[in-house]
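In what follows, a structure is listed as structure tokens, so that the remarks can point back to it.
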Amino acid sequence: MALTTPVWDPGQYLRHAGHRARPFVDLLARVPDLPGSPPRIADLGCGPGNVTVLLADRWPTARITGYDNSAEMLDAATVAHAGPTPGGGRLDFAAADARTWTPPEPYDLLLSNATLQWVPGHLHAFPRWIGALAAGGTFAFQVPGNFDAPSHRLMRELAGSPRWRSRLTDTLRHDDAVHSPAVYLEALTGLGCAADVWETTYLHLLTGEDPVLDWVKGTGLRPVLTALGDDPGARDAFVDEYRAALREAYPATAHGTVFPFRRVFAVARKGGEA
């Protein structure tokens, strides 16, 4: 079963940019020095480029390319961030689909932030991606590990209910969307890398009305919104049902709404120590 390809909304995605950027920063902090001078870097699934630009802060002379399959995201990234960087490097953006992408040249760092959960069977891509790394290069990624959380479980249950299943079957996330940390560790070490794999659960304190719904409208709910995009009445009816379920699962407190979010991280160095 193929998952509905979502239409992305950069503005909606960036509404929670600060919370979304934190895992990227935590991942970047564990990436070792890169072998190239200047280093060549790819950000696979760069979205609107708001965190891709942080790579130029860490490696000012780097040549960085952000790849994404969303024209909307690439347009936003190009307008906001493309061009020479202050340290003498360059940041560009290009269209690519992570499901089929093969690195066109050797990279010192291949990084992917919250993208691989959209790529069925992404473990099978690891050999060709790591194979394209320069000696001593790094493959680093972060994926959400919260598919059993109420935010995702309630969405799946509603989409699979009698009222919606005929229209939303293709919006249900594939069973192997994300693997356990142990599976990633085994896969990466089996490819000859020194790997550092870990998980973190963030407790995001969100504000505003229905903030968890507002969050998932920028990410996990996109396939549903896309599938119902030509029927505003049905789209609003689904969102209203989902909103009510989320309010019960994530009650507001005096200080905001707590949104626990587990993520899985991996940093794998080719032919070296993690």
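Residues in the structure tokens are named by chain (A, B, ... in the order shown) and by number from 1 within that chain; ligands are numbered from 1 in the order shown.
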Distance query range 45-59 of chain A at most 7 Å, only C-alpha atoms, self and fewer than 2 positions along chain excluded, as a count of residues only: 17
Residue neighbourhood range 254-257 of chain A, 10 Å, only C-alpha atoms, exclusion window fewer than 6 positions, as a list in words: Leu203, His204, Leu205, Leu206, Thr207, Gly208, Glu209, Asp210, Pro211, Val212 and Arg247 of chain A
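In terms of minimum interatomic distance to Ala237 in chain A, A:Leu158 ranks closest within A:Leu188, A:Leu91, A:Leu158, A:Ala114, counting only C-alpha atoms.
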Close residues, Trp129 in chain A itself excluded, 7 Å, only C-alpha atoms, min 4 positions apart in chain, as a ChimeraX atom specification: /A:102-103,125,133
Got a sec to tell me which of range 159-218 of chain A DSSP assigns to alpha helix (DSSP H), as a compact mmCIF listing (two decimals) with all heavy atoms, in the first residue's frame?
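Written out: out21.txt:
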```txt
# COMPACT_ATOMS: atom_id res chain seq x y z
N ALA A 159 -9.04 7.38 11.08
CA ALA A 159 -8.95 7.18 9.63
C ALA A 159 -9.40 5.77 9.23
O ALA A 159 -9.90 5.57 8.12
CB ALA A 159 -7.52 7.42 9.16
N ARG A 165 -12.69 4.97 6.43
CA ARG A 165 -11.65 4.07 5.91
C ARG A 165 -11.62 4.00 4.39
O ARG A 165 -10.55 3.84 3.79
CB ARG A 165 -11.80 2.68 6.52
CG ARG A 165 -12.99 1.86 6.05
CD ARG A 165 -12.80 0.38 6.44
NE ARG A 165 -12.75 0.23 7.88
CZ ARG A 165 -13.76 -0.25 8.61
NH1 ARG A 165 -14.90 -0.59 8.01
NH2 ARG A 165 -13.64 -0.39 9.90
N SER A 166 -12.78 4.10 3.72
CA SER A 166 -12.78 3.99 2.26
C SER A 166 -12.05 5.16 1.60
O SER A 166 -11.52 5.03 0.50
CB SER A 166 -14.21 3.91 1.72
OG SER A 166 -14.92 5.10 2.00
N ARG A 167 -11.98 6.30 2.30
CA ARG A 167 -11.35 7.48 1.72
C ARG A 167 -9.93 7.70 2.23
O ARG A 167 -9.14 8.40 1.59
CB ARG A 167 -12.18 8.73 2.03
CG ARG A 167 -13.61 8.65 1.53
CD ARG A 167 -14.37 9.94 1.74
NE ARG A 167 -13.82 11.02 0.94
CZ ARG A 167 -14.35 12.24 0.87
NH1 ARG A 167 -15.44 12.52 1.58
NH2 ARG A 167 -13.81 13.18 0.14
N LEU A 168 -9.62 7.09 3.38
CA LEU A 168 -8.36 7.44 4.02
C LEU A 168 -7.43 6.25 4.24
O LEU A 168 -6.43 6.37 4.95
CB LEU A 168 -8.64 8.12 5.37
CG LEU A 168 -9.39 9.45 5.29
CD1 LEU A 168 -9.63 10.01 6.68
CD2 LEU A 168 -8.63 10.46 4.43
N PRO A 181 15.80 1.56 18.29
CA PRO A 181 17.22 1.93 18.28
C PRO A 181 18.14 0.72 18.05
O PRO A 181 19.16 0.84 17.36
CB PRO A 181 17.43 2.53 19.67
CG PRO A 181 16.09 3.08 20.04
CD PRO A 181 15.10 2.10 19.47
N ALA A 182 17.79 -0.44 18.61
CA ALA A 182 18.64 -1.62 18.45
C ALA A 182 18.73 -2.06 16.99
O ALA A 182 19.79 -2.50 16.53
CB ALA A 182 18.10 -2.77 19.31
N VAL A 183 17.64 -1.94 16.26
CA VAL A 183 17.64 -2.31 14.85
C VAL A 183 18.57 -1.38 14.06
O VAL A 183 19.36 -1.82 13.21
CB VAL A 183 16.21 -2.29 14.27
CG1 VAL A 183 16.24 -2.39 12.74
CG2 VAL A 183 15.39 -3.43 14.86
N TYR A 184 18.49 -0.09 14.34
CA TYR A 184 19.37 0.85 13.65
C TYR A 184 20.84 0.61 14.00
O TYR A 184 21.71 0.68 13.13
CB TYR A 184 18.98 2.29 13.99
CG TYR A 184 17.68 2.73 13.34
CD1 TYR A 184 16.64 3.23 14.11
CD2 TYR A 184 17.49 2.63 11.97
CE1 TYR A 184 15.44 3.63 13.52
CE2 TYR A 184 16.30 3.03 11.37
CZ TYR A 184 15.28 3.53 12.15
OH TYR A 184 14.10 3.91 11.58
N LEU A 185 21.11 0.32 15.27
CA LEU A 185 22.49 0.05 15.68
C LEU A 185 23.04 -1.15 14.94
O LEU A 185 24.17 -1.13 14.43
CB LEU A 185 22.54 -0.18 17.19
CG LEU A 185 23.92 -0.48 17.77
CD1 LEU A 185 24.85 0.70 17.58
CD2 LEU A 185 23.80 -0.83 19.25
N GLU A 186 22.26 -2.22 14.85
CA GLU A 186 22.69 -3.42 14.16
C GLU A 186 22.93 -3.15 12.68
O GLU A 186 23.92 -3.60 12.09
CB GLU A 186 21.66 -4.53 14.34
CG GLU A 186 21.96 -5.82 13.58
CD GLU A 186 23.21 -6.51 14.08
OE1 GLU A 186 23.61 -6.27 15.25
OE2 GLU A 186 23.80 -7.30 13.31
N ALA A 187 22.03 -2.40 12.06
CA ALA A 187 22.16 -2.12 10.63
C ALA A 187 23.41 -1.30 10.34
O ALA A 187 24.14 -1.58 9.37
CB ALA A 187 20.92 -1.40 10.12
N LEU A 188 23.66 -0.30 11.14
CA LEU A 188 24.78 0.60 10.88
C LEU A 188 26.13 -0.05 11.19
O LEU A 188 27.09 0.11 10.42
CB LEU A 188 24.60 1.88 11.69
CG LEU A 188 23.38 2.73 11.29
CD1 LEU A 188 23.11 3.81 12.33
CD2 LEU A 188 23.57 3.35 9.91
N THR A 189 26.21 -0.79 12.29
CA THR A 189 27.47 -1.47 12.58
C THR A 189 27.72 -2.59 11.57
O THR A 189 28.87 -2.87 11.21
CB THR A 189 27.47 -2.05 14.01
OG1 THR A 189 26.31 -2.88 14.19
CG2 THR A 189 27.43 -0.93 15.03
N GLY A 190 26.65 -3.20 11.06
CA GLY A 190 26.80 -4.23 10.04
C GLY A 190 27.33 -3.70 8.74
O GLY A 190 27.84 -4.47 7.90
N PRO A 211 -3.17 23.09 20.66
CA PRO A 211 -1.81 23.16 20.12
C PRO A 211 -1.29 21.85 19.54
O PRO A 211 -0.47 21.86 18.63
CB PRO A 211 -0.98 23.60 21.33
CG PRO A 211 -1.74 23.11 22.51
CD PRO A 211 -3.18 23.26 22.12
N VAL A 212 -1.74 20.69 20.07
CA VAL A 212 -1.29 19.42 19.49
C VAL A 212 -1.86 19.25 18.10
O VAL A 212 -1.17 18.81 17.17
CB VAL A 212 -1.66 18.24 20.41
CG1 VAL A 212 -1.26 16.91 19.77
CG2 VAL A 212 -0.99 18.39 21.78
N LEU A 213 -3.12 19.61 17.91
CA LEU A 213 -3.70 19.59 16.57
C LEU A 213 -2.94 20.52 15.65
O LEU A 213 -2.63 20.17 14.49
CB LEU A 213 -5.17 19.98 16.62
CG LEU A 213 -5.88 20.12 15.27
CD1 LEU A 213 -5.92 18.78 14.54
CD2 LEU A 213 -7.30 20.66 15.46
N ASP A 214 -2.60 21.71 16.14
CA ASP A 214 -1.85 22.66 15.32
C ASP A 214 -0.50 22.09 14.93
O ASP A 214 -0.02 22.28 13.81
CB ASP A 214 -1.67 23.96 16.10
CG ASP A 214 -1.21 25.10 15.22
OD1 ASP A 214 -1.96 25.48 14.30
OD2 ASP A 214 -0.10 25.62 15.46
N TRP A 215 0.13 21.33 15.85
CA TRP A 215 1.42 20.70 15.56
C TRP A 215 1.27 19.68 14.44
O TRP A 215 2.01 19.72 13.45
CB TRP A 215 1.95 20.04 16.83
CG TRP A 215 3.24 19.30 16.68
CD1 TRP A 215 3.47 18.17 15.94
CD2 TRP A 215 4.49 19.62 17.29
NE1 TRP A 215 4.77 17.76 16.06
CE2 TRP A 215 5.43 18.64 16.88
CE3 TRP A 215 4.90 20.64 18.17
CZ2 TRP A 215 6.75 18.66 17.32
CZ3 TRP A 215 6.22 20.65 18.59
CH2 TRP A 215 7.13 19.67 18.17
N VAL A 216 0.33 18.74 14.59
CA VAL A 216 0.24 17.65 13.62
C VAL A 216 -0.30 18.13 12.27
O VAL A 216 -0.08 17.47 11.25
CB VAL A 216 -0.61 16.46 14.14
CG1 VAL A 216 0.05 15.83 15.35
CG2 VAL A 216 -2.03 16.90 14.48
```
Shortest interatomic distance to Pro38 in chain A - which of A:Phe261, A:Trp198, A:Phe93, A:Tyr107, counting only C-alpha atoms: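 For Pro38 in chain A, the nearest of the candidates is A:Tyr107.
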If DSSP is run on the backbone, what residues of range 167-211 of chain A are strand (DSSP E)? A reply as a tab-separated table (two decimals) with C-alpha atoms, in the first residue's frame would be ideal.
```
chain	number	residue	atom	x	y	z
A	193	CYS	CA	30.31	2.04	10.79
A	194	ALA	CA	31.05	3.05	14.35
A	195	ALA	CA	27.57	3.99	15.49
A	196	ASP	CA	26.11	6.01	18.34
A	197	VAL	CA	22.35	5.39	18.68
A	198	TRP	CA	20.07	6.77	21.37
A	199	GLU	CA	16.55	7.95	22.11
A	200	THR	CA	15.11	10.98	23.88
A	201	THR	CA	11.60	11.89	24.93
A	202	TYR	CA	10.99	15.63	24.86
A	203	LEU	CA	8.21	17.16	26.92
A	204	HIS	CA	7.13	20.06	24.73
A	205	LEU	CA	5.03	22.61	26.57
A	206	LEU	CA	2.72	24.00	23.89
```
